[in-house]
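For reference, the structure is listed below as structure tokens.
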Amino acid sequence: MVQMDLIKVTLETLRLLKMVVPVMFIGLLTSNVFFSLPHVRRLIEPIDRLTSFANLRCGSVIFAFLAHPIAGLSVLSDLYRKNALNRDEVTVIFLISLIPRNIRIVLMFLAPVAFSTLGFILGLIYTLLETLSRLGVILIGIILGRRLIRNGCTIDDNRFEDTTIRESVIRSVRLFFRTLAIFVPSVFIVMLILDLGFLNMLNSACRPVLDIFGLPSSGLIIIAAGTSSMIAGIGVAGSLLAKGIVDHFSVLVSLFIASMFHGIVECLRRTLAMNVSFFGTKLGVKLTMINFAVREVACVVALMILTMVHKLEIV
């Protein structure tokens, strides 16, 4: 029995690594090669001005996050390891990076599925709630976090100058294997935890939540599906809505509850391992908790808004 479980966990780990590792390598390689090009500085300066409201000028890092989250993490990690940034500065920049990262997640992955399965109006409401609640929480975090940067901080982009493409490739490969050495065992351990019944525990914890919001038992189906995959949760919600099993309010509430539980799974499955790989255990765990807190608080805000609007019989 244990052997079968280990085989299953190993296969699940390999399946996830098959999706993540190539993207990680391409992200690292692209970012390092890209920043070796002199024309990049022209694109960084406008972003520098935008980030100055947080007492930081970190256009190069945020630009990397716009390209891809892993590319941004690699640049931020490189600056931290070279002592160009301290922990407080990394923390605030990480918070700022959550703006493009969350917009990317909502617009590229969640919104297309929501509009196609929930319909235009409900899909629009869901997308706006996801986007605005996340951005609102992130902006509050940045305003609070800027106090950590008393004297301001400007990232020196000169480190990207006079670097050949060959040197950039070598640096990317070294960082890739160093990251992989921590990432792979971390993912395997988390997959083992999930296989021991962690998802079942989360689904069981959903039942009292349904009573709080007065949701039908069918809401549990949406939450269960969304716990492992939000795209799956949205798809299930659309099917139940089309059959008239759930109403609009139940769909939205169930999706945001699912998002809260999915945040736990995503934190353990990918985010924690990734951040620890790039920033070490202490700072990696801290950044993971910040990422997790933003998502959970945003879901709570969305649920509060939905509850208040529902009392006014708008949704």
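Here, A, B, ... name the chains of the structure tokens in the order displayed, residue numbers run from 1 inside each chain, and ligands are numbered from 1 in the same displayed order.
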(request) Find the spatial neighbours of range 71-83 of chain A, counting only C-alpha atoms, within a cut-off of 9 Å - ignore same-chain residues fewer than 6 positions away - and output them as a VMD selection string. (result) chain A and resid 24 26 to 32 60 to 65 90 93 to 94 97 155 172 175 274 to 275 278 to 279
(request) Identify all residues of range 87-160 of chain A in alpha helix (DSSP H) (DSSP on the backbone) and supply them as a ChimeraX atom specification. (result) /A:87-105,111-118,120-145
(request) Write out as a PyMOL selection string all residues of range 41-225 of chain A that DSSP puts in strand (DSSP E) for this structure's backbone. (result) chain A and resi 56-57+153-154
Preceding selection exported with C-alpha atoms as a tab-separated table (two decimals), in the first residue's frame:
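Saved to out13.tsv:
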```
chain	number	residue	atom	x	y	z
A	56	LEU	CA	11.60	52.31	-4.36
A	57	ARG	CA	12.81	52.53	-7.91
A	153	CYS	CA	16.05	52.63	-2.60
A	154	THR	CA	17.15	52.71	-6.21
```
(request) Select, from A:Ala242, A:Val9, A:Leu252, A:Ile99, the residue with the minimum atom-to-atom distance to Asn291 in chain A, counting only C-alpha atoms. (result)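 Among A:Ala242, A:Val9, A:Leu252, A:Ile99, it is A:Ile99 that comes nearest to Asn291 in chain A.
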(request) Provide the CA of Val173 in chain A to CA of Gly280 in chain A distance in Å, to one decimal place. (result) 18.6 Å
(message) Using only C-alpha atoms for the distances, tell me which of A:Ile212, A:Ile222, A:Leu139, A:Cys299 is nearest to Gly235 in chain A.
(response)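 The closest residue to Gly235 in chain A is A:Ile222.
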(request) Determine, counting only C-alpha atoms, which protein, DNA and RNA residues have an atom within 10 Å of an atom of Ser218 in chain A; residues of the same chain fewer than 5 positions away are not included. Present the result as a VMD selection string. (result) chain A and resid 210 223 237 240 245 to 246 250 to 251 254
(request) Please identify all polymer residues within 7 Å of range 108-120 of chain A, counting only C-alpha atoms, omitting same-chain residues fewer than 5 positions from it, and present them as a VMD selection string. (result) chain A and resid 127 231 234 to 235 238
(request) Could you check how far CA of Ala258 in chain A sits from CA of Arg101 in chain A, in Å to one decimal? (result)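 Atom-to-atom, CA of Ala258 in chain A and CA of Arg101 in chain A are spaced 19.8 Å apart.
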(request) Go ahead and compute the interatomic distance for CA of Val33 in chain A and CA of Arg171 in chain A, in Å to one decimal. (result)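 Answer for the CA of Val33 in chain A to CA of Arg171 in chain A separation: 9.6 Å.
Around Lys311 in chain A, within 12 Å and counting only C-alpha atoms, the residues found are Phe213, Phe249, Met304, Ile305 and Leu306 of chain A, once anything fewer than 5 positions away on its own chain is removed.
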Writing out the chosen residues with C-alpha atoms as a CSV table (one decimal), in the first residue's frame:
```csv
chain,number,residue,atom,x,y,z
A,213,PHE,CA,-23.7,31.7,4.0
A,249,PHE,CA,-25.1,34.3,-5.3
A,304,MET,CA,-18.1,40.5,2.6
A,305,ILE,CA,-19.0,42.6,-0.5
A,306,LEU,CA,-21.1,39.8,-1.9
```
(request) Compare A:Val21, A:Leu135, A:Leu6, A:Val92 by their minimum atom-to-atom distance to Ile290 in chain A, counting only C-alpha atoms, and give me the closest one. (result) A:Val92
(request) Excluding Arg134 in chain A and any residue of its chain fewer than 4 positions from it, enumerate the residues within 8 Å of it, using only C-alpha atoms, and give them as a list in words. (result) Asn102, Glu130, Ile138, Val294, Arg295, Ala298 and Cys299 of chain A
Only all heavy atoms, please: the residues just picked out, written as a PDB file, in the first residue's frame.
```pdb
ATOM      1  N   ASN A 102      -0.962  39.146 -10.140  1.00  0.00           N
ATOM      2  CA  ASN A 102      -2.380  38.830  -9.931  1.00  0.00           C
ATOM      3  C   ASN A 102      -3.233  39.253 -11.113  1.00  0.00           C
ATOM      4  O   ASN A 102      -4.200  38.567 -11.469  1.00  0.00           O
ATOM      5  CB  ASN A 102      -2.875  39.489  -8.641  1.00  0.00           C
ATOM      6  CG  ASN A 102      -2.537  38.675  -7.412  1.00  0.00           C
ATOM      7  OD1 ASN A 102      -3.256  37.758  -7.030  1.00  0.00           O
ATOM      8  ND2 ASN A 102      -1.414  38.993  -6.782  1.00  0.00           N
ATOM      9  N   GLU A 130     -12.537  39.552  -8.232  1.00  0.00           N
ATOM     10  CA  GLU A 130     -11.212  38.934  -8.086  1.00  0.00           C
ATOM     11  C   GLU A 130     -10.122  39.992  -8.240  1.00  0.00           C
ATOM     12  O   GLU A 130      -9.202  40.074  -7.411  1.00  0.00           O
ATOM     13  CB  GLU A 130     -11.014  37.837  -9.132  1.00  0.00           C
ATOM     14  CG  GLU A 130     -11.592  36.488  -8.763  1.00  0.00           C
ATOM     15  CD  GLU A 130     -10.699  35.701  -7.805  1.00  0.00           C
ATOM     16  OE1 GLU A 130      -9.799  36.305  -7.187  1.00  0.00           O
ATOM     17  OE2 GLU A 130     -10.905  34.490  -7.673  1.00  0.00           O
ATOM     18  N   ILE A 138      -3.384  44.431  -1.911  1.00  0.00           N
ATOM     19  CA  ILE A 138      -1.964  44.624  -2.232  1.00  0.00           C
ATOM     20  C   ILE A 138      -1.560  46.079  -2.026  1.00  0.00           C
ATOM     21  O   ILE A 138      -0.502  46.371  -1.449  1.00  0.00           O
ATOM     22  CB  ILE A 138      -1.671  44.191  -3.685  1.00  0.00           C
ATOM     23  CG1 ILE A 138      -1.871  42.682  -3.843  1.00  0.00           C
ATOM     24  CG2 ILE A 138      -0.242  44.569  -4.078  1.00  0.00           C
ATOM     25  CD1 ILE A 138      -1.870  42.214  -5.281  1.00  0.00           C
ATOM     26  N   VAL A 294      -2.406  37.837   1.226  1.00  0.00           N
ATOM     27  CA  VAL A 294      -3.053  38.710   0.240  1.00  0.00           C
ATOM     28  C   VAL A 294      -4.238  37.995  -0.382  1.00  0.00           C
ATOM     29  O   VAL A 294      -5.335  38.566  -0.497  1.00  0.00           O
ATOM     30  CB  VAL A 294      -2.046  39.139  -0.849  1.00  0.00           C
ATOM     31  CG1 VAL A 294      -2.777  39.735  -2.048  1.00  0.00           C
ATOM     32  CG2 VAL A 294      -1.071  40.163  -0.294  1.00  0.00           C
ATOM     33  N   ARG A 295      -4.039  36.757  -0.777  1.00  0.00           N
ATOM     34  CA  ARG A 295      -5.118  36.010  -1.434  1.00  0.00           C
ATOM     35  C   ARG A 295      -6.278  35.757  -0.482  1.00  0.00           C
ATOM     36  O   ARG A 295      -7.452  35.935  -0.844  1.00  0.00           O
ATOM     37  CB  ARG A 295      -4.583  34.684  -1.955  1.00  0.00           C
ATOM     38  CG  ARG A 295      -5.674  33.830  -2.595  1.00  0.00           C
ATOM     39  CD  ARG A 295      -5.097  32.691  -3.352  1.00  0.00           C
ATOM     40  NE  ARG A 295      -6.140  31.975  -4.090  1.00  0.00           N
ATOM     41  CZ  ARG A 295      -5.940  31.303  -5.200  1.00  0.00           C
ATOM     42  NH1 ARG A 295      -4.733  31.281  -5.725  1.00  0.00           N
ATOM     43  NH2 ARG A 295      -6.916  30.673  -5.793  1.00  0.00           N
ATOM     44  N   ALA A 298      -8.141  38.983   0.412  1.00  0.00           N
ATOM     45  CA  ALA A 298      -8.905  39.427  -0.762  1.00  0.00           C
ATOM     46  C   ALA A 298     -10.194  38.619  -0.901  1.00  0.00           C
ATOM     47  O   ALA A 298     -11.256  39.177  -1.229  1.00  0.00           O
ATOM     48  CB  ALA A 298      -8.051  39.284  -2.024  1.00  0.00           C
ATOM     49  N   CYS A 299     -10.119  37.315  -0.648  1.00  0.00           N
ATOM     50  CA  CYS A 299     -11.318  36.470  -0.712  1.00  0.00           C
ATOM     51  C   CYS A 299     -12.326  36.866   0.359  1.00  0.00           C
ATOM     52  O   CYS A 299     -13.538  36.908   0.101  1.00  0.00           O
ATOM     53  CB  CYS A 299     -10.937  34.998  -0.547  1.00  0.00           C
ATOM     54  SG  CYS A 299     -10.089  34.289  -1.972  1.00  0.00           S
TER      55      CYS A 299
END
```
